[in-house]
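Trainee: To be precise about what I am sending: the file is called coords_17.txt and holds compact mmCIF, C-alpha atoms and all ligand atoms.
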```
# COMPACT_ATOMS: atom_id res chain seq x y z
CA MET A 1 30.03 -128.21 130.93
CA GLU A 2 28.50 -128.36 127.46
CA THR A 3 25.14 -126.62 127.08
CA TYR A 4 22.12 -128.44 125.56
CA SER A 5 22.20 -126.16 122.53
CA ARG A 6 25.88 -126.96 121.91
CA ILE A 7 25.19 -130.72 122.23
CA PHE A 8 22.21 -130.32 119.83
CA GLU A 9 24.42 -128.43 117.38
CA ARG A 10 27.05 -131.20 117.51
CA VAL A 11 24.43 -133.88 116.88
CA ILE A 12 23.04 -131.94 113.90
CA ASN A 13 26.57 -131.50 112.59
CA MET A 14 27.09 -135.25 112.76
CA VAL A 15 24.13 -135.99 110.49
CA VAL A 16 24.08 -133.03 108.08
CA ALA A 17 27.26 -132.11 106.27
CA LYS A 18 28.04 -128.42 106.23
CA ARG A 19 28.79 -126.87 102.87
CA VAL A 20 31.73 -124.69 101.82
CA ILE A 21 31.74 -122.93 98.49
CA VAL A 22 35.13 -121.85 97.18
CA ILE A 23 34.78 -119.17 94.51
CA GLY A 24 37.75 -119.11 92.14
CA ASP A 25 39.86 -121.92 90.68
CA GLY A 26 43.30 -120.30 90.84
CA PRO A 27 46.06 -121.36 93.24
CA SER A 28 44.40 -119.87 96.36
CA GLY A 29 41.00 -121.44 95.68
CA LEU A 30 42.50 -124.86 94.90
CA VAL A 31 44.70 -124.85 98.01
CA ALA A 32 41.71 -123.87 100.18
CA ALA A 33 39.50 -126.62 98.74
CA ASN A 34 42.18 -129.32 98.85
CA LYS A 35 43.18 -128.46 102.43
CA LEU A 36 39.55 -128.58 103.51
CA ARG A 37 39.12 -131.99 101.89
CA PHE A 38 42.17 -133.39 103.67
CA HIS A 39 40.83 -132.39 107.08
CA ALA A 40 37.13 -133.20 106.89
CA THR A 41 35.25 -136.25 105.66
CA GLU A 42 32.53 -135.94 103.05
CA LYS A 43 29.97 -136.59 105.79
CA GLU A 44 31.28 -133.59 107.71
CA LEU A 45 31.85 -131.14 104.89
CA GLU A 46 30.63 -130.80 101.33
CA ILE A 47 33.06 -128.78 99.21
CA LEU A 48 32.16 -127.03 95.96
CA VAL A 49 34.63 -125.11 93.82
CA ILE A 50 33.16 -122.68 91.30
CA GLY A 51 35.60 -121.36 88.72
CA ASN A 52 35.64 -120.00 85.20
CA THR A 53 39.12 -120.83 84.03
CA THR A 54 39.55 -123.18 81.08
CA ARG A 55 43.01 -124.46 82.01
CA HIS A 56 45.13 -123.82 85.05
CA PHE A 57 48.35 -122.02 84.09
CA TYR A 58 51.32 -121.91 86.46
CA LYS A 59 51.96 -118.18 86.03
CA PRO A 60 55.59 -118.05 87.25
CA ASP A 61 56.49 -120.01 84.09
CA GLY A 62 55.32 -116.97 82.11
CA LEU A 63 58.82 -115.64 82.73
CA PHE A 64 60.55 -118.53 80.96
CA ILE A 65 58.16 -119.09 78.04
CA PRO A 66 58.95 -115.87 76.07
CA PHE A 67 62.64 -116.85 75.92
CA GLY A 68 61.91 -120.41 74.86
CA TYR A 69 63.48 -121.62 78.13
CA LYS A 70 60.37 -123.68 78.85
CA ASN A 71 57.70 -125.46 76.89
CA TYR A 72 54.29 -124.17 78.02
CA ARG A 73 52.73 -127.66 77.98
CA LYS A 74 54.35 -128.46 81.33
CA SER A 75 52.87 -125.28 82.82
CA VAL A 76 49.18 -126.07 82.32
CA LYS A 77 46.82 -128.68 83.77
CA PRO A 78 43.05 -129.18 83.75
CA VAL A 79 41.51 -127.87 86.99
CA GLU A 80 39.75 -131.17 87.76
CA PHE A 81 43.14 -132.89 87.73
CA LEU A 82 44.32 -130.65 90.58
CA LEU A 83 41.38 -131.19 92.91
CA ASN A 84 41.57 -133.89 95.54
CA GLY A 85 38.86 -136.57 95.36
CA GLY A 86 35.54 -135.67 96.93
CA ILE A 87 35.40 -132.06 95.75
CA GLN A 88 32.67 -130.96 93.35
CA TYR A 89 33.83 -128.65 90.57
CA ILE A 90 31.37 -126.35 88.82
CA HIS A 91 32.69 -124.63 85.72
CA ASP A 92 30.77 -121.36 85.69
CA GLU A 93 31.14 -117.68 86.52
CA VAL A 94 29.97 -116.09 89.74
CA ILE A 95 28.15 -112.87 88.94
CA ARG A 96 26.99 -111.92 92.45
CA VAL A 97 27.52 -112.95 96.03
CA ASN A 98 25.00 -112.39 98.80
CA SER A 99 27.49 -112.52 101.66
CA GLU A 100 24.89 -112.17 104.41
CA GLU A 101 22.90 -115.21 103.35
CA HIS A 102 25.87 -117.02 101.78
CA ILE A 103 24.23 -117.35 98.36
CA VAL A 104 26.25 -117.41 95.17
CA PHE A 105 24.61 -116.50 91.83
CA LEU A 106 26.06 -117.88 88.60
CA LYS A 107 26.05 -116.70 84.99
CA SER A 108 24.20 -119.88 84.00
CA GLY A 109 21.26 -118.78 86.14
CA LYS A 110 21.91 -121.29 88.91
CA SER A 111 22.47 -120.33 92.53
CA TYR A 112 24.02 -122.15 95.49
CA MET A 113 23.81 -121.64 99.22
CA ALA A 114 26.51 -122.57 101.74
CA ASP A 115 27.52 -122.37 105.40
CA TYR A 116 30.90 -120.88 104.52
CA LEU A 117 32.26 -118.99 101.53
CA VAL A 118 35.90 -118.71 100.54
CA ILE A 119 36.36 -116.06 97.86
CA ALA A 120 39.56 -116.49 95.81
CA THR A 121 38.79 -114.67 92.58
CA GLY A 122 42.20 -113.03 92.14
CA ASN A 123 42.83 -110.26 89.60
CA ARG A 124 41.58 -109.11 86.26
CA TYR A 125 43.69 -107.08 83.84
CA ALA A 126 42.43 -103.65 82.80
CA PRO A 127 44.55 -102.58 79.77
CA GLU A 128 41.73 -100.23 78.72
CA GLU A 129 42.83 -97.87 81.51
CA ILE A 130 46.01 -96.95 79.62
CA PRO A 131 45.21 -95.27 76.29
CA GLY A 132 47.24 -96.78 73.46
CA TYR A 133 48.11 -99.92 75.43
CA SER A 134 46.04 -102.47 73.54
CA GLY A 135 47.57 -103.85 70.39
CA GLU A 136 50.96 -102.31 71.21
CA ALA A 137 52.31 -103.32 74.62
CA LYS A 138 53.45 -106.88 75.30
CA HIS A 139 53.50 -108.78 78.56
CA PHE A 140 53.87 -112.30 79.94
CA TYR A 141 51.24 -112.26 82.71
CA ASP A 142 49.06 -114.89 81.06
CA LEU A 143 49.82 -117.82 78.81
CA GLN A 144 48.50 -116.29 75.59
CA LYS A 145 50.52 -113.12 76.08
CA ALA A 146 53.66 -115.04 77.03
CA LEU A 147 53.37 -117.05 73.78
CA GLU A 148 52.84 -113.87 71.73
CA LEU A 149 55.92 -112.33 73.34
CA ARG A 150 57.91 -115.46 72.45
CA GLU A 151 57.07 -114.82 68.77
CA THR A 152 58.06 -111.16 69.10
CA LEU A 153 61.38 -112.00 70.73
CA ARG A 154 62.14 -114.58 68.04
CA GLY A 155 62.02 -111.83 65.43
CA PHE A 156 63.67 -109.10 67.53
CA GLN A 157 66.85 -107.71 65.98
CA GLY A 158 67.81 -105.04 68.55
CA GLY A 159 66.64 -101.52 69.43
CA ASN A 160 65.10 -99.87 72.52
CA VAL A 161 63.30 -102.19 74.89
CA VAL A 162 61.23 -100.45 77.56
CA ILE A 163 60.13 -102.61 80.48
CA GLY A 164 57.66 -101.26 83.01
CA SER A 165 54.53 -101.55 85.06
CA THR A 166 51.39 -99.44 84.98
CA GLY A 167 50.93 -99.51 88.75
CA THR A 168 52.16 -100.71 92.13
CA THR A 169 49.29 -103.16 92.74
CA ILE A 170 50.39 -106.06 90.56
CA GLN A 171 51.19 -109.72 90.85
CA TYR A 172 54.75 -110.52 91.75
CA PRO A 173 56.46 -107.18 90.93
CA GLN A 174 59.81 -108.98 91.08
CA ALA A 175 58.92 -110.49 87.69
CA LEU A 176 59.77 -107.19 86.02
CA TYR A 177 63.41 -107.03 87.02
CA GLU A 178 63.67 -110.79 86.60
CA PHE A 179 62.43 -110.35 83.04
CA ALA A 180 65.01 -107.59 82.46
CA PHE A 181 67.82 -109.85 83.70
CA LEU A 182 66.67 -112.79 81.60
CA LEU A 183 66.36 -110.53 78.57
CA ASP A 184 69.93 -109.39 79.11
CA SER A 185 71.10 -113.06 79.16
CA PHE A 186 68.92 -113.95 76.15
CA LEU A 187 70.17 -111.06 74.00
CA THR A 188 73.78 -111.65 75.01
CA ALA A 189 73.50 -115.29 73.90
CA LYS A 190 71.99 -114.17 70.57
CA GLY A 191 74.70 -111.55 70.02
CA LEU A 192 72.10 -108.74 70.15
CA ARG A 193 72.88 -107.15 73.51
CA GLU A 194 75.25 -104.55 72.04
CA LYS A 195 72.48 -103.49 69.64
CA THR A 196 69.88 -103.12 72.42
CA GLU A 197 69.19 -100.45 75.05
CA ILE A 198 67.11 -101.77 77.96
CA THR A 199 65.18 -99.20 80.00
CA TYR A 200 63.45 -100.19 83.21
CA LEU A 201 60.57 -98.01 84.45
CA ALA A 202 59.68 -98.66 88.10
CA PRO A 203 56.45 -97.19 89.50
CA SER A 204 58.06 -96.33 92.85
CA GLU A 205 61.42 -95.84 94.55
CA ASN A 206 61.36 -99.34 96.07
CA ILE A 207 61.95 -101.92 93.40
CA GLY A 208 62.59 -104.66 95.95
CA THR A 209 60.45 -105.64 98.94
CA ASP A 210 62.80 -103.70 101.28
CA SER A 211 65.80 -101.36 101.10
CA ASN A 212 68.30 -104.24 101.28
CA LEU A 213 66.84 -105.95 98.22
CA THR A 214 66.26 -102.64 96.41
CA GLY A 215 69.98 -101.79 96.80
CA PHE A 216 71.00 -105.19 95.46
CA ILE A 217 68.70 -104.98 92.43
CA ARG A 218 69.78 -101.43 91.62
CA ASP A 219 73.43 -102.55 91.58
CA LYS A 220 72.56 -105.55 89.43
CA LEU A 221 70.71 -103.38 86.91
CA GLN A 222 73.67 -101.06 86.72
CA GLU A 223 76.11 -103.96 86.29
CA LYS A 224 74.03 -105.22 83.35
CA LYS A 225 73.73 -101.73 81.85
CA ILE A 226 69.97 -101.61 82.28
CA GLU A 227 68.85 -98.02 82.74
CA LEU A 228 66.60 -97.58 85.76
CA HIS A 229 63.98 -94.82 86.05
CA PRO A 230 62.18 -95.03 89.43
CA ASN A 231 58.90 -93.27 90.31
CA VAL A 232 57.51 -93.42 86.77
CA THR A 233 53.73 -93.45 86.54
CA VAL A 234 52.83 -94.56 83.03
CA THR A 235 49.78 -92.69 81.73
CA SER A 236 49.54 -93.61 78.04
CA VAL A 237 51.25 -95.15 75.04
CA ASN A 238 51.71 -93.14 71.84
CA GLN A 239 51.65 -95.88 69.21
CA LYS A 240 52.43 -93.52 66.33
CA ASN A 241 55.59 -92.05 67.91
CA LYS A 242 56.46 -95.31 69.69
CA GLU A 243 56.65 -93.50 73.04
CA VAL A 244 55.51 -94.22 76.57
CA ASN A 245 54.15 -91.16 78.34
CA ALA A 246 54.52 -90.66 82.10
CA ALA A 247 52.61 -88.46 84.56
CA ASP A 248 55.61 -86.13 85.01
CA GLU A 249 55.58 -85.58 81.22
CA SER A 250 58.70 -87.61 80.57
CA LYS A 251 58.65 -89.80 77.44
CA PHE A 252 60.44 -93.03 76.68
CA LYS A 253 61.08 -94.20 73.11
CA TYR A 254 60.72 -97.89 72.39
CA ASN A 255 60.95 -100.43 69.62
CA LEU A 256 59.66 -103.14 71.90
CA LEU A 257 57.39 -102.26 74.80
CA LEU A 258 56.85 -104.62 77.69
CA LEU A 259 54.27 -103.20 80.09
CA VAL A 260 52.42 -105.07 82.83
CA PRO A 261 48.73 -104.07 82.46
CA PRO A 262 46.76 -102.42 85.29
CA HIS A 263 45.45 -104.95 87.81
CA LYS A 264 42.01 -104.84 89.42
CA GLY A 265 39.87 -107.17 91.50
CA GLN A 266 36.75 -108.70 89.94
CA LYS A 267 33.79 -106.53 88.96
CA ALA A 268 31.42 -109.11 90.47
CA MET A 269 32.88 -108.35 93.92
CA THR A 270 32.30 -104.63 93.49
CA GLN A 271 28.77 -105.30 92.23
CA SER A 272 28.14 -107.51 95.28
CA GLY A 273 29.09 -104.64 97.60
CA LEU A 274 32.16 -106.52 98.88
CA ALA A 275 34.73 -104.23 97.29
CA GLY A 276 35.13 -100.65 96.16
CA GLU A 277 36.10 -99.49 92.68
CA THR A 278 39.42 -101.41 92.73
CA GLY A 279 37.54 -104.70 93.07
CA TYR A 280 39.76 -105.90 95.94
CA ILE A 281 37.77 -107.19 98.91
CA GLU A 282 38.29 -105.56 102.28
CA VAL A 283 39.12 -108.18 104.94
CA ASP A 284 39.99 -108.25 108.60
CA PRO A 285 43.80 -108.74 108.44
CA LYS A 286 43.81 -111.08 111.45
CA THR A 287 40.98 -113.40 110.44
CA LEU A 288 40.77 -112.86 106.64
CA THR A 289 37.02 -112.66 106.98
CA VAL A 290 35.04 -110.18 104.96
CA LYS A 291 34.23 -107.27 107.25
CA GLY A 292 31.12 -107.97 109.29
CA ASN A 293 30.78 -111.63 108.31
CA GLY A 294 32.72 -114.33 110.17
CA SER A 295 31.84 -117.15 107.76
CA VAL A 296 32.95 -115.43 104.55
CA TYR A 297 36.67 -115.35 103.77
CA ALA A 298 38.54 -113.60 100.97
CA VAL A 299 42.00 -115.04 100.31
CA GLY A 300 44.91 -114.60 97.92
CA ASP A 301 44.99 -111.82 95.35
CA SER A 302 41.27 -111.14 95.72
CA ASN A 303 41.66 -109.27 99.02
CA ASN A 304 43.07 -105.86 99.86
CA LEU A 305 45.88 -106.99 102.19
CA PHE A 306 48.91 -106.50 99.95
CA GLU A 307 49.87 -104.37 96.94
CA SER A 308 52.32 -107.07 95.81
CA LYS A 309 50.09 -109.98 94.90
CA LEU A 310 51.91 -113.24 95.62
CA ALA A 311 50.88 -116.87 95.33
CA THR A 312 52.93 -117.66 98.43
CA SER A 313 50.70 -115.29 100.44
CA GLY A 314 47.66 -116.89 98.78
CA TYR A 315 48.72 -120.41 99.86
CA LEU A 316 49.18 -119.28 103.47
CA GLU A 317 45.90 -117.39 103.50
CA ALA A 318 43.98 -120.25 101.90
CA SER A 319 45.43 -122.73 104.43
CA PHE A 320 44.60 -120.37 107.27
CA ALA A 321 40.98 -119.92 106.13
CA ALA A 322 40.64 -123.70 105.69
CA SER A 323 41.94 -124.28 109.24
CA ARG A 324 39.46 -121.83 110.70
CA ILE A 325 36.55 -123.37 108.82
CA ILE A 326 37.57 -126.86 109.97
CA ALA A 327 37.94 -125.60 113.56
CA ASP A 328 34.45 -124.12 113.41
CA ALA A 329 32.61 -126.80 111.44
CA VAL A 330 34.33 -129.99 112.55
CA GLY A 331 36.83 -129.14 115.28
CA GLY A 332 40.48 -130.13 115.52
CA LEU A 333 42.49 -127.48 113.68
CA SER A 334 43.73 -124.11 114.85
CA ASP A 335 41.65 -120.97 114.47
CA ASP A 336 44.53 -118.69 115.45
CA GLN A 337 45.21 -115.25 113.97
CA TYR A 338 46.75 -114.85 110.54
CA THR A 339 50.45 -114.00 110.13
CA SER A 340 52.37 -114.23 106.89
CA VAL A 341 55.99 -114.93 105.97
CA ALA A 342 56.52 -115.74 102.32
CA PRO A 343 59.95 -116.65 100.90
CA GLN A 344 60.77 -115.99 97.23
CA ILE A 345 63.39 -117.11 94.76
CA ASN A 346 64.51 -114.13 92.64
CA ILE A 347 66.09 -114.68 89.21
CA THR A 348 69.11 -112.59 88.21
CA GLY A 349 69.90 -114.13 84.82
CA LYS A 350 70.01 -117.44 83.01
CA ASP A 351 71.15 -119.99 85.63
CA ARG A 352 71.42 -117.40 88.41
CA ALA A 353 68.99 -116.75 91.31
CA PHE A 354 68.81 -116.19 95.08
CA THR A 355 66.31 -116.86 97.83
CA TYR A 356 64.89 -113.97 99.80
CA LEU A 357 62.45 -113.66 102.70
CA GLY A 358 60.90 -110.27 102.44
CA THR A 359 59.63 -109.13 105.82
CA ALA A 360 61.27 -106.62 108.14
CA GLU A 361 61.55 -109.11 111.01
CA THR A 362 62.74 -112.17 109.15
CA ARG A 363 64.62 -110.72 106.24
CA ILE A 364 67.65 -112.53 104.87
CA LYS A 365 70.60 -110.14 104.86
CA ALA A 366 73.10 -112.05 102.74
CA ILE A 367 72.01 -112.24 99.11
CA THR A 368 73.87 -115.11 97.51
CA GLU A 369 73.27 -115.93 93.85
CA ASN A 370 73.64 -119.52 92.74
CA LYS A 371 72.58 -122.00 90.07
CA GLY A 372 70.72 -124.26 92.54
CA ASP A 373 68.13 -121.58 93.32
CA PHE A 374 67.59 -121.02 89.59
CA MET A 375 67.01 -124.74 89.04
CA LEU A 376 64.58 -124.91 91.97
CA ARG A 377 62.61 -122.04 90.51
CA TRP A 378 62.79 -123.49 87.01
CA THR A 379 61.35 -126.82 88.20
CA SER A 380 58.93 -125.26 90.71
CA ASN A 381 55.94 -126.13 88.47
CA ASP A 382 56.50 -129.80 89.36
CA THR A 383 56.36 -129.13 93.11
CA TYR A 384 53.46 -126.78 92.57
CA PHE A 385 51.30 -129.26 90.67
CA SER A 386 52.23 -132.35 92.68
CA THR A 387 52.14 -130.97 96.22
CA ILE A 388 51.59 -127.24 96.85
CA VAL A 389 48.36 -126.65 94.99
CA ARG A 390 46.99 -129.94 96.30
CA GLY A 391 47.29 -128.62 99.84
CA MET A 392 50.01 -131.03 100.95
CA VAL A 393 52.41 -128.47 102.41
C1 LIG A 401 54.56 -113.77 85.56
C2 LIG A 401 54.15 -114.07 86.96
C3 LIG A 401 55.07 -114.64 87.82
C4 LIG A 401 54.72 -114.90 89.13
N1 LIG A 401 55.64 -115.48 89.96
C5 LIG A 401 55.34 -115.68 91.26
C6 LIG A 401 56.29 -116.27 92.14
O1 LIG A 401 57.39 -116.63 91.75
N2 LIG A 401 55.91 -116.41 93.44
C7 LIG A 401 54.69 -116.03 93.89
O2 LIG A 401 54.44 -116.17 95.08
N3 LIG A 401 53.78 -115.50 93.07
C8 LIG A 401 54.06 -115.32 91.77
N4 LIG A 401 53.12 -114.77 90.94
C9 LIG A 401 51.81 -114.34 91.47
C10 LIG A 401 50.82 -115.48 91.53
O3 LIG A 401 50.71 -116.14 90.31
C11 LIG A 401 49.46 -114.94 91.96
O4 LIG A 401 49.64 -114.26 93.19
C12 LIG A 401 48.48 -116.08 92.12
O5 LIG A 401 48.11 -116.59 90.86
C13 LIG A 401 47.22 -115.63 92.86
O6 LIG A 401 46.37 -116.72 92.97
P1 LIG A 401 44.80 -116.50 93.26
O7 LIG A 401 44.21 -117.86 93.21
O8 LIG A 401 44.63 -115.70 94.49
O9 LIG A 401 44.27 -115.61 92.05
P2 LIG A 401 44.27 -115.93 90.48
O10 LIG A 401 45.50 -116.65 90.09
O11 LIG A 401 43.98 -114.63 89.81
O12 LIG A 401 43.06 -116.93 90.29
C14 LIG A 401 41.73 -116.52 90.37
C15 LIG A 401 40.85 -117.58 89.76
O13 LIG A 401 39.48 -117.25 89.96
C16 LIG A 401 38.78 -117.38 88.74
N5 LIG A 401 37.69 -116.38 88.76
C17 LIG A 401 37.82 -115.04 88.77
N6 LIG A 401 36.62 -114.45 88.81
C18 LIG A 401 35.70 -115.44 88.83
C19 LIG A 401 34.28 -115.46 88.87
N7 LIG A 401 33.57 -114.33 88.89
N8 LIG A 401 33.66 -116.66 88.86
C20 LIG A 401 34.37 -117.81 88.84
N9 LIG A 401 35.71 -117.85 88.81
C21 LIG A 401 36.39 -116.67 88.81
C22 LIG A 401 39.81 -117.11 87.65
O14 LIG A 401 39.45 -117.74 86.42
C23 LIG A 401 41.05 -117.73 88.27
O15 LIG A 401 41.13 -119.11 87.95
C24 LIG A 401 53.43 -114.55 89.60
C25 LIG A 401 52.51 -113.99 88.73
C26 LIG A 401 52.85 -113.76 87.41
C27 LIG A 401 51.82 -113.16 86.49
```
Please re-express this file's structure in structure tokens.
Ligand SMILES: Cc1cc2nc3c(=O)[nH]c(=O)nc-3n(C[C@H](O)[C@H](O)[C@H](O)COP(=O)(O)OP(=O)(O)OC[C@H]3O[C@@H](n4cnc5c(N)ncnc54)[C@H](O)[C@@H]3O)c2cc1C

Mentor:
Amino acid sequence: METYSRIFERVINMVVAKRVIVIGDGPSGLVAANKLRFHATEKELEILVIGNTTRHFYKPDGLFIPFGYKNYRKSVKPVEFLLNGGIQYIHDEVIRVNSEEHIVFLKSGKSYMADYLVIATGNRYAPEEIPGYSGEAKHFYDLQKALELRETLRGFQGGNVVIGSTGTTIQYPQALYEFAFLLDSFLTAKGLREKTEITYLAPSENIGTDSNLTGFIRDKLQEKKIELHPNVTVTSVNQKNKEVNAADESKFKYNLLLLVPPHKGQKAMTQSGLAGETGYIEVDPKTLTVKGNGSVYAVGDSNNLFESKLATSGYLEASFAASRIIADAVGGLSDDQYTSVAPQINITGKDRAFTYLGTAETRIKAITENKGDFMLRWTSNDTYFSTIVRGMV
């Protein structure tokens, strides 16, 4: 039988909408907000998204843009365009979160209070941690850098290309070998492959998500004459000598250096006492709640669950957090425990790719390359903008 206090709580809920603040306007934040809006009326739940991005870039297209395989205009959309009706968007920066009282403080001086918080602030890049990096290394991890790299590749006439990462905690580590394979195709088509040495520096032994995939990628690199150096920890870049220095004192000469910058979580999360020096928020892996607070969630790249930061994990986590909030605030959806299985399409060259499901239990054993998978990945921005990010799947 329902207690009086529970009945009272339900009556209050019926007249006063609860408020959710989603912090961060990347894929995870947008999926969380859009899912919430689908499952609760405006009378039941008020949803605010606070984000500081100027335009929403579909980052996987960063792989195609440097080669001119895609026009960047199809890879960006205004954030407001991607939010379902009935969601308030505040363009501002969160500088501090009081997670106990659910208060969010903004750079503009405003502050907002909520019943639930969903933190989805993702990564920041920290190139300053690698001496010599800035002004020398290229990458494609944001739109501006992908466009700069496109200009560099247009003028490239051959030489040593070094491709690497500065750490193991990065977004979509697969992008590095995918870039190497696409570069091989690109240079072959331009008649420059014979004049180019490609060196691939991997920060650990495992370049794939498991030993099966690692074996496949190693063979593929060898087949394409891309020299692999595993377990390389990049420490600095010597701009004068055009050399990358590693912790074990090895050096790699380059004419063109492609290096993914160090990744960190947001400083504001560290300053709010939600994260340590790395900036990634510690969460309960089964509930995705910030330790010690059941109404505050951290989803997507912002939390400390995975070293490989993947949007597919972010979508699942955002949907899960939204379900739990709905279950608690409105009722009706599951508030089960979180489990994650995220499939990926991996590119192996122009017009070649394969689908892989990277968990020990569910892993695909047969790796079969085909053009269809490449096309699905190439057009994935359409599915992303029209359905995924809007919380429809
Ligand atoms: C080249 C590349 C290819 C990729 N390919 C794939 C792929 O094929 N499959 C896949 O699953 N993943 C892929 N990823 C990874 C994927 O893009 C990320 O995992 C995803 O973007 C994470 O989303 P997020 O919303 O958690 O974080 P983010 O994308 O980092 O978004 C965080 C948002 O929060 C905002 N923000 C940050 N701090 C504040 C603040 N203090 N106040 C207000 N707003 C703030 C930021 O402006 C940003 O909009 C790829 C990434 C790259 C770079």

Trainee: Kindly provide, as a short mmCIF file (atom, residue, chain, number, x, y, z; two decimals) with C-alpha atoms, in the frame of the given file, all nucleotide and amino acid residues lying within 6 Å of ligand LIG 401 (chain A), counting all atoms listed in the file.

Mentor:
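Once written, part_25.cif looks like this:
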```
data_model
loop_
_atom_site.label_atom_id
_atom_site.label_comp_id
_atom_site.auth_asym_id
_atom_site.auth_seq_id
_atom_site.Cartn_x
_atom_site.Cartn_y
_atom_site.Cartn_z
CA ILE A 23 34.78 -119.17 94.51
CA GLY A 24 37.75 -119.11 92.14
CA ASP A 25 39.86 -121.92 90.68
CA GLY A 26 43.30 -120.30 90.84
CA PRO A 27 46.06 -121.36 93.24
CA SER A 28 44.40 -119.87 96.36
CA GLY A 29 41.00 -121.44 95.68
CA ILE A 50 33.16 -122.68 91.30
CA GLY A 51 35.60 -121.36 88.72
CA ASN A 52 35.64 -120.00 85.20
CA THR A 53 39.12 -120.83 84.03
CA LYS A 59 51.96 -118.18 86.03
CA PRO A 60 55.59 -118.05 87.25
CA GLY A 62 55.32 -116.97 82.11
CA LEU A 63 58.82 -115.64 82.73
CA ASP A 92 30.77 -121.36 85.69
CA GLU A 93 31.14 -117.68 86.52
CA VAL A 94 29.97 -116.09 89.74
CA ILE A 95 28.15 -112.87 88.94
CA ALA A 120 39.56 -116.49 95.81
CA THR A 121 38.79 -114.67 92.58
CA GLY A 122 42.20 -113.03 92.14
CA ASN A 123 42.83 -110.26 89.60
CA PHE A 140 53.87 -112.30 79.94
CA TYR A 141 51.24 -112.26 82.71
CA GLN A 171 51.19 -109.72 90.85
CA TYR A 172 54.75 -110.52 91.75
CA ALA A 175 58.92 -110.49 87.69
CA GLN A 266 36.75 -108.70 89.94
CA ALA A 268 31.42 -109.11 90.47
CA GLY A 300 44.91 -114.60 97.92
CA ASP A 301 44.99 -111.82 95.35
CA SER A 302 41.27 -111.14 95.72
CA LYS A 309 50.09 -109.98 94.90
CA LEU A 310 51.91 -113.24 95.62
CA ALA A 311 50.88 -116.87 95.33
CA THR A 312 52.93 -117.66 98.43
CA GLY A 314 47.66 -116.89 98.78
#
```

Trainee: Could you produce a table of the residues of range 27-71 of chain A lying within 7 Å of range 143-151 of chain A, with the nearest pair of atoms per residue and their separation in Å rounded to one decimal, using all atoms listed in the file, ordered by chain and increasing residue number, as a Markdown table?

Mentor:
```
| residue | atom | partner | partner_atom | distance |
| --- | --- | --- | --- | --- |
| A:Phe57 | CA | A:Leu143 | CA | 6.9 |
| A:Gly62 | CA | A:Ala146 | CA | 5.7 |
| A:Ile65 | CA | A:Ala146 | CA | 6.1 |
| A:Pro66 | CA | A:Arg150 | CA | 3.8 |
| A:Phe67 | CA | A:Arg150 | CA | 6.0 |
| A:Gly68 | CA | A:Arg150 | CA | 6.8 |
```

Trainee: For Ile198 in chain A, work out the shell of residues within 7 Å, counting all atoms listed in the file and skipping chain neighbours fewer than 5 positions away, then give it as a list in words.

Mentor: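 Listing them by chain and then by number gives Asn160, Val161, Val162, Ile226 and Glu227 of chain A.
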
Trainee: Using all atoms listed in the file, which of A:Ala40, A:Ile388, A:Ile347, A:Ala275 sits nearest Lys291 in chain A?

Mentor: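 With all atoms listed in the file as the atom set, the closest residue is A:Ala275.
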
Trainee: Taking into account all atoms listed in the file, which residue in the set A:Leu30, A:Val260, A:Val290, A:Ala318 is nearest to Pro78 in chain A?

Mentor: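 For Pro78 in chain A, the nearest of the candidates is A:Leu30.
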
Trainee: Around the point (23.3, -111.4, 105.9) (coordinates from the file), which residues reach within 12 Å if we count only C-alpha atoms? Answer as an mmCIF file with C-alpha atoms, in the frame of the given file.

Mentor:
```
data_model
loop_
_atom_site.group_PDB
_atom_site.id
_atom_site.type_symbol
_atom_site.label_atom_id
_atom_site.label_comp_id
_atom_site.auth_asym_id
_atom_site.auth_seq_id
_atom_site.Cartn_x
_atom_site.Cartn_y
_atom_site.Cartn_z
ATOM 1 C CA VAL A 97 27.520 -112.950 96.030
ATOM 2 C CA ASN A 98 25.000 -112.390 98.800
ATOM 3 C CA SER A 99 27.490 -112.520 101.660
ATOM 4 C CA GLU A 100 24.890 -112.170 104.410
ATOM 5 C CA GLU A 101 22.900 -115.210 103.350
ATOM 6 C CA HIS A 102 25.870 -117.020 101.780
ATOM 7 C CA ILE A 103 24.230 -117.350 98.360
ATOM 8 C CA ASP A 115 27.520 -122.370 105.400
ATOM 9 C CA VAL A 290 35.040 -110.180 104.960
ATOM 10 C CA LYS A 291 34.230 -107.270 107.250
ATOM 11 C CA GLY A 292 31.120 -107.970 109.290
ATOM 12 C CA ASN A 293 30.780 -111.630 108.310
ATOM 13 C CA GLY A 294 32.720 -114.330 110.170
ATOM 14 C CA SER A 295 31.840 -117.150 107.760
ATOM 15 C CA VAL A 296 32.950 -115.430 104.550
#
```

Trainee: Please list as a list in words every residue within 10 Å of range 382-386 of chain A, counting only C-alpha atoms and excluding residues in the same chain fewer than 3 positions away.

Mentor: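 Everything that qualifies: Pro27, His56, Tyr58, Lys74, Ser75, Val76, Lys77, Phe81, Leu82, Leu376, Arg377, Trp378, Thr379, Val389, Arg390, Gly391 and Met392 of chain A.
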
Trainee: Could you work out how far CA of Ile170 in chain A lies from CA of Ser319 in chain A, giving the answer in Å with one decimal?

Mentor: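 Value for the CA of Ser319 in chain A-CA of Ile170 in chain A distance: 22.2 Å.
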
Trainee: Can you tell me how far CA of Val79 in chain A sits from CA of Arg55 in chain A, in Å to one decimal?

Mentor: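 If I compute the distance from CA of Val79 in chain A to CA of Arg55 in chain A, I get 6.2 Å.
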